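A.B. asks: What follows is structure-v2.txt; its format and atoms are compact mmCIF, C-alpha atoms and all ligand atoms.
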# COMPACT_ATOMS: atom_id res chain seq x y z
CA MET P 1 182.93 -13.14 19.33
CA THR P 2 179.53 -13.56 21.03
CA PRO P 3 178.47 -17.22 20.78
CA LEU P 4 175.42 -17.98 18.64
CA ARG P 5 172.51 -19.43 20.63
CA VAL P 6 171.66 -22.75 19.00
CA ALA P 7 168.70 -25.14 19.42
CA MET P 8 168.33 -28.77 18.32
CA VAL P 9 165.04 -30.33 17.23
CA GLY P 10 165.34 -34.13 17.41
CA ALA P 11 167.30 -36.24 19.87
CA GLY P 12 168.28 -39.26 17.80
CA GLY P 13 171.43 -40.53 16.11
CA HIS P 14 171.89 -37.72 13.65
CA ALA P 15 171.11 -34.95 16.15
CA ARG P 16 174.01 -36.38 18.18
CA ARG P 17 176.24 -36.36 15.08
CA HIS P 18 175.73 -32.57 14.81
CA LEU P 19 175.86 -31.98 18.57
CA GLU P 20 179.31 -33.62 18.79
CA VAL P 21 180.45 -31.04 16.21
CA LEU P 22 178.63 -28.08 17.80
CA ALA P 23 179.73 -28.91 21.36
CA ARG P 24 183.38 -28.48 20.31
CA ARG P 25 182.80 -24.97 18.92
CA PRO P 26 183.52 -22.00 21.23
CA ASP P 27 181.31 -19.77 19.05
CA VAL P 28 178.17 -21.80 19.86
CA THR P 29 176.04 -22.08 23.03
CA LEU P 30 173.41 -24.83 23.05
CA VAL P 31 170.25 -23.38 24.57
CA GLY P 32 167.42 -25.81 23.80
CA HIS P 33 166.40 -29.32 22.75
CA VAL P 34 163.06 -30.56 21.42
CA ALA P 35 162.07 -34.21 20.85
CA ARG P 36 158.86 -36.18 20.60
CA ALA P 37 159.28 -37.56 24.13
CA THR P 38 160.32 -35.09 26.83
CA GLU P 39 162.67 -37.70 28.32
CA SER P 40 164.73 -37.79 25.07
CA ALA P 41 165.07 -34.00 25.02
CA LEU P 42 166.00 -33.98 28.73
CA ARG P 43 168.68 -36.65 28.24
CA GLN P 44 170.19 -34.64 25.42
CA ALA P 45 170.04 -31.34 27.36
CA ARG P 46 171.82 -32.96 30.33
CA ARG P 47 174.61 -34.16 28.03
CA TYR P 48 175.12 -31.10 25.81
CA GLY P 49 173.76 -28.19 27.87
CA GLY P 50 170.63 -26.06 27.43
CA ARG P 51 167.04 -26.84 28.41
CA ALA P 52 164.43 -29.32 27.15
CA PHE P 53 161.19 -28.07 25.61
CA GLU P 54 158.05 -29.93 24.57
CA ASP P 55 157.84 -28.25 21.16
CA VAL P 56 159.43 -25.52 19.04
CA ASN P 57 156.83 -22.92 20.05
CA ALA P 58 157.68 -23.42 23.74
CA LEU P 59 161.39 -23.19 22.87
CA LEU P 60 160.88 -19.89 21.04
CA GLN P 61 158.75 -18.47 23.86
CA HIS P 62 161.47 -19.04 26.45
CA GLU P 63 164.78 -18.72 24.59
CA GLN P 64 166.32 -16.33 22.14
CA VAL P 65 167.52 -18.65 19.34
CA ASP P 66 169.98 -17.46 16.67
CA ALA P 67 170.07 -20.73 14.68
CA ALA P 68 168.41 -24.15 14.82
CA TRP P 69 169.13 -27.68 13.58
CA ILE P 70 166.17 -29.90 12.62
CA CYS P 71 166.92 -33.65 12.75
CA VAL P 72 163.53 -35.36 12.80
CA PRO P 73 162.16 -38.28 10.73
CA PRO P 74 161.08 -37.33 7.18
CA ALA P 75 157.33 -37.44 7.90
CA ALA P 76 157.71 -35.11 10.92
CA HIS P 77 158.74 -32.06 8.86
CA GLY P 78 156.51 -29.00 8.60
CA PRO P 79 155.59 -27.62 12.04
CA SER P 80 159.19 -26.95 13.17
CA GLU P 81 160.13 -25.22 9.92
CA ALA P 82 156.92 -23.13 10.01
CA ALA P 83 157.64 -21.97 13.57
CA PHE P 84 161.25 -21.01 12.73
CA VAL P 85 160.22 -19.17 9.55
CA ALA P 86 157.56 -17.22 11.50
CA ALA P 87 160.15 -16.29 14.16
CA ASP P 88 162.80 -15.46 11.52
CA VAL P 89 165.21 -18.08 12.93
CA PRO P 90 167.69 -19.56 10.38
CA PHE P 91 167.74 -23.37 10.35
CA LEU P 92 169.77 -26.30 9.02
CA VAL P 93 167.46 -29.21 8.29
CA GLU P 94 168.49 -32.80 7.64
CA LYS P 95 167.72 -34.45 4.32
CA PRO P 96 165.26 -35.55 3.03
CA LEU P 97 163.18 -32.35 3.14
CA SER P 98 160.05 -34.44 3.80
CA ALA P 99 158.68 -37.92 3.11
CA ASP P 100 156.25 -36.57 0.51
CA ALA P 101 156.56 -33.93 -2.21
CA ALA P 102 154.00 -31.34 -1.04
CA THR P 103 155.42 -30.59 2.45
CA ALA P 104 158.82 -29.62 1.06
CA GLU P 105 157.26 -27.46 -1.68
CA SER P 106 155.25 -25.54 0.89
CA ILE P 107 158.23 -25.01 3.25
CA ALA P 108 160.40 -23.91 0.28
CA ALA P 109 157.85 -21.25 -0.68
CA ASP P 110 157.78 -19.92 2.92
CA VAL P 111 161.59 -19.90 3.17
CA ALA P 112 161.94 -18.06 -0.15
CA ALA P 113 159.30 -15.46 0.81
CA ALA P 114 161.07 -14.84 4.14
CA GLY P 115 164.57 -14.68 2.57
CA LEU P 116 165.76 -16.80 5.48
CA VAL P 117 169.24 -18.35 5.74
CA THR P 118 168.68 -22.12 5.50
CA ALA P 119 170.90 -25.13 4.89
CA VAL P 120 170.22 -28.80 4.21
CA GLY P 121 172.33 -31.74 5.39
CA TYR P 122 173.45 -32.98 1.97
CA HIS P 123 176.93 -33.17 3.44
CA TRP P 124 178.54 -35.07 0.52
CA ARG P 125 178.73 -31.62 -1.12
CA ALA P 126 181.06 -30.58 1.70
CA LEU P 127 183.61 -33.39 1.09
CA ASP P 128 187.06 -31.81 0.81
CA THR P 129 187.89 -34.19 -2.07
CA LEU P 130 185.25 -32.55 -4.30
CA ALA P 131 187.34 -29.46 -5.07
CA GLU P 132 189.57 -31.62 -7.27
CA VAL P 133 186.56 -33.27 -8.94
CA ARG P 134 185.01 -29.88 -9.79
CA GLU P 135 188.35 -28.67 -11.17
CA ARG P 136 188.80 -31.76 -13.37
CA LEU P 137 185.23 -31.62 -14.69
CA ALA P 138 185.70 -27.98 -15.74
CA THR P 139 188.20 -29.14 -18.39
CA GLY P 140 188.75 -32.23 -20.51
CA PRO P 141 186.23 -34.62 -22.05
CA PRO P 142 182.60 -34.56 -20.85
CA VAL P 143 181.20 -37.18 -18.49
CA ARG P 144 179.29 -39.78 -20.53
CA LEU P 145 178.07 -42.07 -17.78
CA LEU P 146 177.36 -41.64 -14.07
CA THR P 147 176.71 -44.72 -11.97
CA ALA P 148 175.75 -44.53 -8.32
CA ALA P 149 174.97 -47.25 -5.80
CA TRP P 150 173.61 -47.41 -2.25
CA HIS P 151 173.87 -51.11 -1.48
CA SER P 152 173.56 -51.65 2.21
CA SER P 153 171.76 -53.23 5.16
CA LEU P 154 168.41 -52.28 6.68
CA PRO P 155 168.73 -49.08 8.76
CA ALA P 156 167.68 -49.32 12.41
CA PRO P 157 164.96 -46.67 12.87
CA PRO P 158 161.43 -48.13 12.59
CA TRP P 159 160.33 -44.98 10.73
CA TRP P 160 162.91 -45.77 8.00
CA ARG P 161 161.21 -49.08 7.24
CA ARG P 162 157.84 -47.63 6.24
CA GLU P 163 157.51 -45.67 3.01
CA ALA P 164 154.89 -43.37 4.53
CA THR P 165 157.30 -42.20 7.23
CA SER P 166 160.66 -42.27 5.39
CA GLY P 167 159.73 -41.81 1.73
CA GLY P 168 161.61 -45.03 0.86
CA GLN P 169 165.27 -45.76 0.12
CA ILE P 170 165.64 -43.44 -2.89
CA VAL P 171 163.99 -40.47 -1.13
CA GLU P 172 165.67 -41.00 2.25
CA GLN P 173 169.08 -42.54 1.51
CA ALA P 174 170.14 -42.63 -2.15
CA THR P 175 169.02 -38.98 -2.21
CA HIS P 176 172.63 -38.13 -1.15
CA LEU P 177 173.82 -39.61 -4.48
CA LEU P 178 171.11 -37.84 -6.50
CA ASP P 179 172.10 -34.57 -4.84
CA LEU P 180 175.78 -35.06 -5.60
CA ALA P 181 174.94 -36.01 -9.20
CA LEU P 182 172.87 -32.83 -9.71
CA HIS P 183 175.52 -30.76 -7.94
CA LEU P 184 178.26 -32.03 -10.30
CA LEU P 185 176.39 -32.46 -13.61
CA GLY P 186 173.32 -30.18 -13.37
CA ASP P 187 169.67 -30.97 -14.09
CA ALA P 188 168.47 -34.44 -15.05
CA GLU P 189 165.28 -36.06 -16.31
CA VAL P 190 164.05 -39.52 -15.35
CA LEU P 191 164.03 -41.91 -18.32
CA HIS P 192 163.05 -45.05 -16.41
CA ALA P 193 162.65 -46.28 -12.85
CA ALA P 194 161.76 -49.63 -11.32
CA GLU P 195 161.61 -51.33 -7.92
CA VAL P 196 161.20 -54.73 -6.29
CA ARG P 197 158.74 -55.23 -3.46
CA ARG P 198 157.62 -58.23 -1.48
CA ALA P 199 153.97 -59.14 -1.80
CA GLY P 200 153.49 -59.19 1.99
CA GLU P 201 155.08 -57.19 4.77
CA VAL P 202 158.35 -58.30 6.33
CA ARG P 203 158.79 -58.19 10.09
CA ARG P 204 162.38 -57.50 11.18
CA GLU P 205 164.19 -57.07 14.46
CA CYS P 206 165.58 -53.65 15.28
CA PRO P 207 169.30 -53.92 16.08
CA THR P 208 170.29 -53.99 19.73
CA GLY P 209 171.09 -50.57 21.05
CA TYR P 210 168.39 -48.86 19.08
CA ASP P 211 165.46 -50.19 21.10
CA THR P 212 164.49 -48.08 24.11
CA PRO P 213 161.25 -48.17 26.13
CA GLU P 214 159.75 -45.67 23.67
CA ARG P 215 160.83 -47.61 20.59
CA PRO P 216 159.74 -51.04 19.29
CA THR P 217 162.15 -53.99 19.14
CA THR P 218 160.66 -55.26 15.86
CA SER P 219 158.98 -53.41 13.03
CA ASP P 220 157.24 -54.01 9.71
CA VAL P 221 159.10 -53.17 6.54
CA ASP P 222 157.29 -52.04 3.41
CA VAL P 223 159.97 -50.03 1.56
CA ALA P 224 161.09 -51.50 -1.77
CA GLU P 225 163.91 -54.05 -1.41
CA ALA P 226 165.67 -52.79 -4.54
CA SER P 227 165.23 -49.72 -6.73
CA SER P 228 166.82 -48.41 -9.91
CA ALA P 229 166.58 -45.31 -12.05
CA THR P 230 167.98 -44.27 -15.40
CA LEU P 231 168.53 -40.52 -15.80
CA ARG P 232 169.62 -38.24 -18.61
CA PHE P 233 171.50 -35.10 -17.59
CA GLY P 234 171.27 -31.80 -19.46
CA THR P 235 174.94 -32.37 -20.40
CA GLY P 236 173.87 -35.49 -22.33
CA ALA P 237 175.39 -37.91 -19.78
CA LEU P 238 173.42 -41.00 -18.75
CA GLY P 239 172.98 -41.82 -15.07
CA ILE P 240 172.17 -45.21 -13.53
CA ILE P 241 171.29 -45.27 -9.82
CA THR P 242 170.70 -48.50 -7.89
CA ALA P 243 169.76 -49.03 -4.25
CA THR P 244 169.08 -52.01 -2.03
CA TRP P 245 168.94 -52.63 1.73
CA VAL P 246 168.90 -56.45 1.66
CA LEU P 247 172.61 -56.99 2.46
CA ALA P 248 173.97 -57.91 5.90
CA ALA P 249 176.37 -54.96 5.84
CA SER P 250 177.17 -51.91 3.75
CA ASP P 251 178.79 -53.04 0.48
CA ALA P 252 178.91 -50.15 -2.01
CA VAL P 253 177.92 -46.56 -1.32
CA GLU P 254 179.53 -44.60 -4.11
CA LEU P 255 179.16 -42.40 -7.16
CA ARG P 256 181.25 -42.94 -10.32
CA LEU P 257 181.81 -40.63 -13.27
CA HIS P 258 183.06 -42.12 -16.53
CA ARG P 259 184.59 -40.05 -19.31
CA GLU P 260 187.10 -40.74 -22.07
CA GLY P 261 190.19 -42.23 -20.44
CA GLU P 262 189.10 -41.70 -16.84
CA ARG P 263 186.88 -43.09 -14.12
CA ILE P 264 186.31 -40.92 -11.02
CA THR P 265 184.95 -42.71 -7.94
CA ILE P 266 183.62 -40.70 -4.99
CA THR P 267 182.86 -42.26 -1.61
CA GLN P 268 182.61 -40.56 1.76
CA ASP P 269 186.10 -41.81 2.61
CA ALA P 270 188.05 -41.23 -0.59
CA LEU P 271 188.26 -40.05 -4.18
CA THR P 272 189.81 -42.42 -6.73
CA LEU P 273 191.05 -41.17 -10.11
CA ASP P 274 191.60 -44.14 -12.38
CA SER P 275 193.03 -43.79 -15.91
CA GLY P 276 193.08 -47.54 -16.51
CA ARG P 277 196.90 -47.49 -16.35
CA GLU P 278 197.17 -46.05 -12.85
CA ALA P 279 194.86 -45.13 -10.00
CA ARG P 280 195.41 -42.28 -7.54
CA VAL P 281 193.53 -42.34 -4.24
CA VAL P 282 192.90 -39.13 -2.26
CA ARG P 283 191.62 -39.75 1.26
CA THR P 284 188.99 -37.47 2.82
CA GLN P 285 190.68 -35.39 5.54
CA ASP P 286 188.01 -33.13 7.04
CA ASP P 287 184.66 -34.14 8.51
CA PRO P 288 182.12 -32.97 5.89
CA VAL P 289 179.37 -32.56 8.50
CA ALA P 290 181.62 -30.19 10.48
CA THR P 291 182.46 -28.29 7.27
CA GLN P 292 178.77 -27.99 6.38
CA ASP P 293 177.80 -26.87 9.90
CA ALA P 294 180.62 -24.30 9.97
CA ALA P 295 179.47 -22.84 6.63
CA PHE P 296 175.91 -22.54 7.95
CA LEU P 297 177.05 -20.77 11.14
CA ALA P 298 179.16 -18.36 9.07
CA ALA P 299 176.18 -17.70 6.76
CA VAL P 300 173.99 -16.96 9.80
CA ARG P 301 176.54 -14.47 11.16
CA ALA P 302 176.87 -12.81 7.75
CA GLY P 303 173.09 -12.94 7.07
CA ASP P 304 174.03 -14.44 3.68
CA PRO P 305 171.67 -17.21 2.40
CA GLY P 306 174.13 -17.94 -0.44
CA ALA P 307 177.07 -18.86 1.82
CA VAL P 308 175.83 -22.35 2.78
CA THR P 309 176.95 -25.63 1.17
CA CYS P 310 173.38 -26.53 0.19
CA SER P 311 170.38 -24.19 0.48
CA TYR P 312 166.75 -25.27 0.89
CA ALA P 313 166.06 -24.25 -2.75
CA GLU P 314 168.95 -26.39 -4.05
CA ALA P 315 167.84 -29.33 -1.93
CA LEU P 316 164.31 -28.96 -3.30
CA ARG P 317 165.64 -29.69 -6.80
CA THR P 318 167.09 -32.96 -5.47
CA HIS P 319 163.94 -33.80 -3.53
CA ARG P 320 161.81 -33.26 -6.65
CA LEU P 321 164.02 -35.64 -8.63
CA ALA P 322 163.87 -38.28 -5.88
CA GLN P 323 160.07 -37.99 -5.76
CA ARG P 324 159.88 -38.31 -9.57
CA VAL P 325 162.00 -41.48 -9.44
CA ARG P 326 159.76 -42.89 -6.71
CA GLU P 327 156.59 -42.03 -8.64
CA ARG P 328 157.92 -43.48 -11.89
CA ALA P 329 159.01 -46.69 -10.13
CA ARG P 330 155.61 -47.13 -8.49
CA THR P 331 153.32 -46.16 -11.32
CA GLY P 332 155.36 -46.08 -14.51
CA VAL P 333 154.54 -42.38 -14.93
CA GLY P 334 155.85 -39.20 -13.34
N1 LIG O 1 172.97 -36.55 6.51
C1 LIG O 1 173.03 -37.84 6.82
O1 LIG O 1 173.91 -38.55 6.37
C2 LIG O 1 172.02 -38.44 7.74
C3 LIG O 1 172.34 -39.61 8.46
C4 LIG O 1 171.38 -40.14 9.32
C5 LIG O 1 170.13 -39.53 9.43
N2 LIG O 1 169.86 -38.41 8.71
C6 LIG O 1 168.56 -37.76 8.77
O2 LIG O 1 168.36 -37.20 10.05
C7 LIG O 1 166.99 -37.28 10.43
C8 LIG O 1 166.90 -37.95 11.79
O3 LIG O 1 167.43 -39.25 11.69
P1 LIG O 1 167.92 -40.04 12.99
O4 LIG O 1 168.71 -41.18 12.50
O5 LIG O 1 168.52 -39.10 13.97
O6 LIG O 1 166.52 -40.58 13.55
P2 LIG O 1 166.20 -41.13 15.02
O7 LIG O 1 167.44 -41.65 15.66
O8 LIG O 1 165.01 -42.00 14.90
O9 LIG O 1 165.78 -39.81 15.81
C9 LIG O 1 164.67 -39.04 15.45
C10 LIG O 1 164.44 -38.01 16.53
O10 LIG O 1 163.39 -37.14 16.10
C11 LIG O 1 162.49 -36.98 17.19
N3 LIG O 1 161.17 -36.66 16.66
C12 LIG O 1 160.29 -37.44 16.01
N4 LIG O 1 159.20 -36.73 15.65
C13 LIG O 1 159.41 -35.48 16.11
C14 LIG O 1 158.66 -34.30 16.08
N5 LIG O 1 157.46 -34.28 15.47
N6 LIG O 1 159.16 -33.18 16.66
C15 LIG O 1 160.37 -33.22 17.27
N7 LIG O 1 161.14 -34.32 17.34
C16 LIG O 1 160.66 -35.43 16.76
C17 LIG O 1 162.52 -38.29 17.93
O11 LIG O 1 162.05 -38.05 19.24
P3 LIG O 1 162.09 -39.19 20.40
O12 LIG O 1 163.54 -39.32 20.77
O13 LIG O 1 161.31 -38.60 21.48
O14 LIG O 1 161.52 -40.42 19.77
C18 LIG O 1 164.00 -38.62 17.87
O15 LIG O 1 164.70 -37.96 18.89
C19 LIG O 1 166.31 -38.07 9.31
O16 LIG O 1 165.70 -37.18 8.41
C20 LIG O 1 167.43 -38.76 8.59
O17 LIG O 1 167.16 -38.93 7.21
C21 LIG O 1 170.79 -37.85 7.89
Turn this file's structure into structure tokens for me.
Ligand SMILES: NC(=O)c1ccc[n+]([C@@H]2O[C@H](COP(=O)([O-])OP(=O)(O)OC[C@H]3O[C@@H](n4cnc5c(N)ncnc54)[C@H](OP(=O)(O)O)[C@@H]3O)[C@@H](O)[C@H]2O)c1
C.D. replies:
Amino acid sequence: MTPLRVAMVGAGGHARRHLEVLARRPDVTLVGHVARATESALRQARRYGGRAFEDVNALLQHEQVDAAWICVPPAAHGPSEAAFVAADVPFLVEKPLSADAATAESIAADVAAAGLVTAVGYHWRALDTLAEVRERLATGPPVRLLTAAWHSSLPAPPWWRREATSGGQIVEQATHLLDLALHLLGDAEVLHAAEVRRAGEVRRECPTGYDTPERPTTSDVDVAEASSATLRFGTGALGIITATWVLAASDAVELRLHREGERITITQDALTLDSGREARVVRTQDDPVATQDAAFLAAVRAGDPGAVTCSYAEALRTHRLAQRVRERARTGVG
């Protein structure tokens, strides 16, 4: 099998997460890396193979690319996707689709018009434990209540800490839980949303190891310290989502489904089926990011946009919901 020629846009933590997966695959050759600073792209190229380019247009001028990964901060989306759509290069882009609503809408329209194979890094959908959840939900009593929590510490990247560059905690982080909720229960409307903000800005240190000469060692934080949303699904189920970053360490990152006689808890590490009398725990075996990346590569080879774990169009539904929650929390309308 001829290896697919793959390029990576972004040279941060999550680009590395994918590159560790891609570097182990004999059916992939890494040909190019793009970052904001040339030095970052060069470092990555030296480690994983391929060449460094100053932007996606330069990459496409010099290399034949069969598939690309886009792992840039939320506010940096747009130009890379436009260049790949114009060159007919399939791409897998990390969530969220953008910090705002409009950029994602515009990219989605271009992707749909081009009929391009695309995938989005909502990798919770690729958890191997979900097959059993889908099977159980297809029979038995309906889910009445979904609760989901992302209770954690402040992420390291300075861009995460500003709503203008990340979109905030619901749009950037709890979006994984919104996506899984929509994936399992279908469409939802926002009944209520609220958030807690400090009056002034908070200056916080960036954790050691993140700071490099190009990156600050402290940064201002203006994202809400806590957010909540109440949803109603088309199935009639209620959904309550809560998020906070004020803890010293990750506490709860989970989604729970409640139906008559059963509570189903999904985390990245395990699925717990609890009847109240006994609980069965099923551990996650396979790396969901590797599963998601493999599905995308197979879809590229087959030229089949439907063979991915999450398409751009499906991710847009999630992004719209996250933006509606954010709008409702900020303004009371939306
Ligand atoms: N699926 C998941 O669970 C998951 C987990 C973590 C992150 N993510 C997502 O992955 C994305 C990247 O996050 P990260 O943690 O890797 O961030 P990061 O460590 O800050 O890295 C961001 C990278 O993007 C590069 N960059 C910034 N603007 C760019 C532009 N306009 N064109 C090209 N490259 C640009 C930066 O270049 P320099 O190196 O030159 O600064 C840096 O290499 C985010 O959207 C995040 O939400 C997803």
A.B. asks: In Å, how far is it from CA of Asp304 in chain P to CA of Leu116 in chain P?
C.D. replies: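 So the answer is 8.8 Å.
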A.B. asks: Could you make a table, as JSON lines, of the residues of chain P that have an atom within 6 Å of an atom of ligand LIG 1 (chain O), each with its nearest atom pair and distance in Å to one decimal, counting only C-alpha atoms and all ligand atoms, in chain and number order?
C.D. replies:
{"residue": "P:Val9", "atom": "CA", "partner": "O:LIG1", "partner_atom": "C15", "distance": 5.5}
{"residue": "P:Gly10", "atom": "CA", "partner": "O:LIG1", "partner_atom": "O10", "distance": 3.8}
{"residue": "P:Ala11", "atom": "CA", "partner": "O:LIG1", "partner_atom": "O15", "distance": 3.3}
{"residue": "P:Gly12", "atom": "CA", "partner": "O:LIG1", "partner_atom": "O9", "distance": 3.2}
{"residue": "P:Gly13", "atom": "CA", "partner": "O:LIG1", "partner_atom": "O5", "distance": 3.9}
{"residue": "P:His14", "atom": "CA", "partner": "O:LIG1", "partner_atom": "O5", "distance": 3.7}
{"residue": "P:Ala15", "atom": "CA", "partner": "O:LIG1", "partner_atom": "O5", "distance": 5.4}
{"residue": "P:Val34", "atom": "CA", "partner": "O:LIG1", "partner_atom": "C15", "distance": 5.6}
{"residue": "P:Ala35", "atom": "CA", "partner": "O:LIG1", "partner_atom": "N7", "distance": 3.6}
{"residue": "P:Arg36", "atom": "CA", "partner": "O:LIG1", "partner_atom": "O13", "distance": 3.6}
{"residue": "P:Ala37", "atom": "CA", "partner": "O:LIG1", "partner_atom": "O13", "distance": 3.5}
{"residue": "P:Ser40", "atom": "CA", "partner": "O:LIG1", "partner_atom": "O12", "distance": 4.7}
{"residue": "P:Cys71", "atom": "CA", "partner": "O:LIG1", "partner_atom": "C7", "distance": 4.3}
{"residue": "P:Val72", "atom": "CA", "partner": "O:LIG1", "partner_atom": "O10", "distance": 3.8}
{"residue": "P:Pro73", "atom": "CA", "partner": "O:LIG1", "partner_atom": "O16", "distance": 4.4}
{"residue": "P:Pro74", "atom": "CA", "partner": "O:LIG1", "partner_atom": "O16", "distance": 4.8}
{"residue": "P:Ala76", "atom": "CA", "partner": "O:LIG1", "partner_atom": "N5", "distance": 4.6}
{"residue": "P:Glu94", "atom": "CA", "partner": "O:LIG1", "partner_atom": "O2", "distance": 5.0}
{"residue": "P:Lys95", "atom": "CA", "partner": "O:LIG1", "partner_atom": "O16", "distance": 5.3}
{"residue": "P:Pro96", "atom": "CA", "partner": "O:LIG1", "partner_atom": "O16", "distance": 5.6}
{"residue": "P:Gly121", "atom": "CA", "partner": "O:LIG1", "partner_atom": "N1", "distance": 5.0}
{"residue": "P:Tyr122", "atom": "CA", "partner": "O:LIG1", "partner_atom": "N1", "distance": 5.8}
{"residue": "P:Pro157", "atom": "CA", "partner": "O:LIG1", "partner_atom": "O8", "distance": 5.1}
{"residue": "P:Glu172", "atom": "CA", "partner": "O:LIG1", "partner_atom": "O17", "distance": 5.6}
A.B. asks: Kindly indicate which residue among P:Thr118, P:Ser228, P:Thr2, P:Thr147 lies nearest to Cys310 in chain P, using only C-alpha atoms for the distances.
C.D. replies: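 For Cys310 in chain P, the nearest of the given residues is P:Thr118.
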A.B. asks: In terms of the shortest atom-to-atom distance over all atoms listed in the file, which of P:Ala82, P:Ala226, P:Val282, P:Val117 is closest to His151 in chain P?
C.D. replies: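 Distance minimum relative to His151 in chain P lands on P:Ala226.
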A.B. asks: Under the rule that all atoms listed in the file are counted, which of P:Gly49, P:Gly167, P:Gly332, P:Gly140 is the nearest residue to Ala99 in chain P?
C.D. replies: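 When distances to Ala99 in chain P are compared using all atoms listed in the file, the smallest one comes from P:Gly167.
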A.B. asks: Which residue, P:Val120, P:Ala164, P:Ile107, P:Ala45, has the smallest gap to Ala7 in chain P when you use all atoms listed in the file?
C.D. replies: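 Result for the nearest residue to Ala7 in chain P: P:Ala45.
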A.B. asks: Find, counting all atoms listed in the file, the residue in P:Leu184, P:Val246, P:Val89, P:Val221 that gets nearest to Glu135 in chain P.
C.D. replies: P:Leu184
A.B. asks: Would you kindly return, as a PyMOL selection string, each protein, DNA or RNA residue with an atom no farther than 8 Å from any atom of Thr38 in chain P, considering only C-alpha atoms and excluding same-chain residues fewer than 3 positions away?
C.D. replies: chain P and resi 34-35+41-42+52-54
A.B. asks: Find the residue from P:Ala322, P:Glu254, P:Ala294, P:Glu225 that sits nearest to Arg24 in chain P; use all atoms listed in the file when measuring.
C.D. replies: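 The answer is P:Ala294, which sits nearest to Arg24 in chain P.
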A.B. asks: Neighbourhood query: residues within 8 Å of (168.5, -55.8, 5.6), file coordinates, counting all atoms listed in the file; return as a PyMOL selection string.
C.D. replies: chain P and resi 152-155+245-249
A.B. asks: Using all atoms listed in the file, which residues sit within 10 Å of Leu60 in chain P once same-chain residues fewer than 3 positions away are excluded, as a PyMOL selection string?
C.D. replies: chain P and resi 7+32+53+55-57+63-65+83-84+87+89
A.B. asks: Skip Leu185 in chain P itself and residues of its chain fewer than 4 positions away, then list as a PyMOL selection string all residues within 8 Å of it, counting all atoms listed in the file.
C.D. replies: chain P and resi 181+233-235
A.B. asks: Can you tell me how far CA of Ala329 in chain P sits from CA of Ile266 in chain P, in Å to one decimal?
C.D. replies: 25.8 Å
A.B. asks: Excluding Gln285 in chain P and any residue of its chain fewer than 2 positions from it, enumerate the residues within 12 Å of it, using only C-alpha atoms, and give them as a PyMOL selection string.
C.D. replies: chain P and resi 126-130+268-271+282-283+287-288+290-291
A.B. asks: Determine, counting all atoms listed in the file, which protein, DNA and RNA residues have an atom within 12 Å of an atom of His183 in chain P; residues of the same chain fewer than 6 positions away are not included. Present the result as a PyMOL selection string.
C.D. replies: chain P and resi 122-126+130+133-134+137+175-177+233+309-311+314-315+317-318
A.B. asks: Calculate how many Å separate CA of Leu321 in chain P from CA of Asp293 in chain P, rounding to one decimal.
C.D. replies: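 The value is 24.7 Å.
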A.B. asks: What box, with edges along x, y and z, holds each listed atom of range 154-161 of chain P when 5 Å is added on every side, and can you state its centre and edge lengths in Å to one decimal, as lines of an AutoDock Vina configuration file?
C.D. replies:
center_x = 164.5
center_y = -48.6
center_z = 9.8
size_x = 18.4
size_y = 17.3
size_z = 16.2
A.B. asks: N, CA and C atoms for range 89-98 of chain P, written as a PDB file, in the coordinates of the input, could you do that?
C.D. replies:
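rebuild_5.pdb was written with the following content:
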ATOM      1  N   VAL P  89     164.038 -17.376  12.395  1.00  0.00           N
ATOM      2  CA  VAL P  89     165.210 -18.080  12.930  1.00  0.00           C
ATOM      3  C   VAL P  89     165.803 -18.970  11.821  1.00  0.00           C
ATOM      4  N   PRO P  90     167.046 -18.714  11.396  1.00  0.00           N
ATOM      5  CA  PRO P  90     167.690 -19.560  10.380  1.00  0.00           C
ATOM      6  C   PRO P  90     167.771 -21.006  10.868  1.00  0.00           C
ATOM      7  N   PHE P  91     167.624 -21.975   9.928  1.00  0.00           N
ATOM      8  CA  PHE P  91     167.740 -23.370  10.350  1.00  0.00           C
ATOM      9  C   PHE P  91     168.506 -24.211   9.321  1.00  0.00           C
ATOM     10  N   LEU P  92     169.172 -25.249   9.852  1.00  0.00           N
ATOM     11  CA  LEU P  92     169.770 -26.300   9.020  1.00  0.00           C
ATOM     12  C   LEU P  92     168.915 -27.536   9.238  1.00  0.00           C
ATOM     13  N   VAL P  93     168.354 -28.066   8.164  1.00  0.00           N
ATOM     14  CA  VAL P  93     167.460 -29.210   8.290  1.00  0.00           C
ATOM     15  C   VAL P  93     168.104 -30.422   7.615  1.00  0.00           C
ATOM     16  N   GLU P  94     167.935 -31.583   8.244  1.00  0.00           N
ATOM     17  CA  GLU P  94     168.490 -32.800   7.640  1.00  0.00           C
ATOM     18  C   GLU P  94     167.686 -33.218   6.414  1.00  0.00           C
ATOM     19  N   LYS P  95     168.387 -33.839   5.466  1.00  0.00           N
ATOM     20  CA  LYS P  95     167.720 -34.450   4.320  1.00  0.00           C
ATOM     21  C   LYS P  95     166.977 -35.675   4.815  1.00  0.00           C
ATOM     22  N   PRO P  96     165.949 -36.200   4.137  1.00  0.00           N
ATOM     23  CA  PRO P  96     165.260 -35.550   3.030  1.00  0.00           C
ATOM     24  C   PRO P  96     164.367 -34.433   3.566  1.00  0.00           C
ATOM     25  N   LEU P  97     163.959 -33.504   2.676  1.00  0.00           N
ATOM     26  CA  LEU P  97     163.180 -32.350   3.140  1.00  0.00           C
ATOM     27  C   LEU P  97     161.854 -32.769   3.746  1.00  0.00           C
ATOM     28  N   SER P  98     161.287 -33.871   3.247  1.00  0.00           N
ATOM     29  CA  SER P  98     160.050 -34.440   3.800  1.00  0.00           C
ATOM     30  C   SER P  98     159.870 -35.820   3.182  1.00  0.00           C
TER      31      SER P  98
END
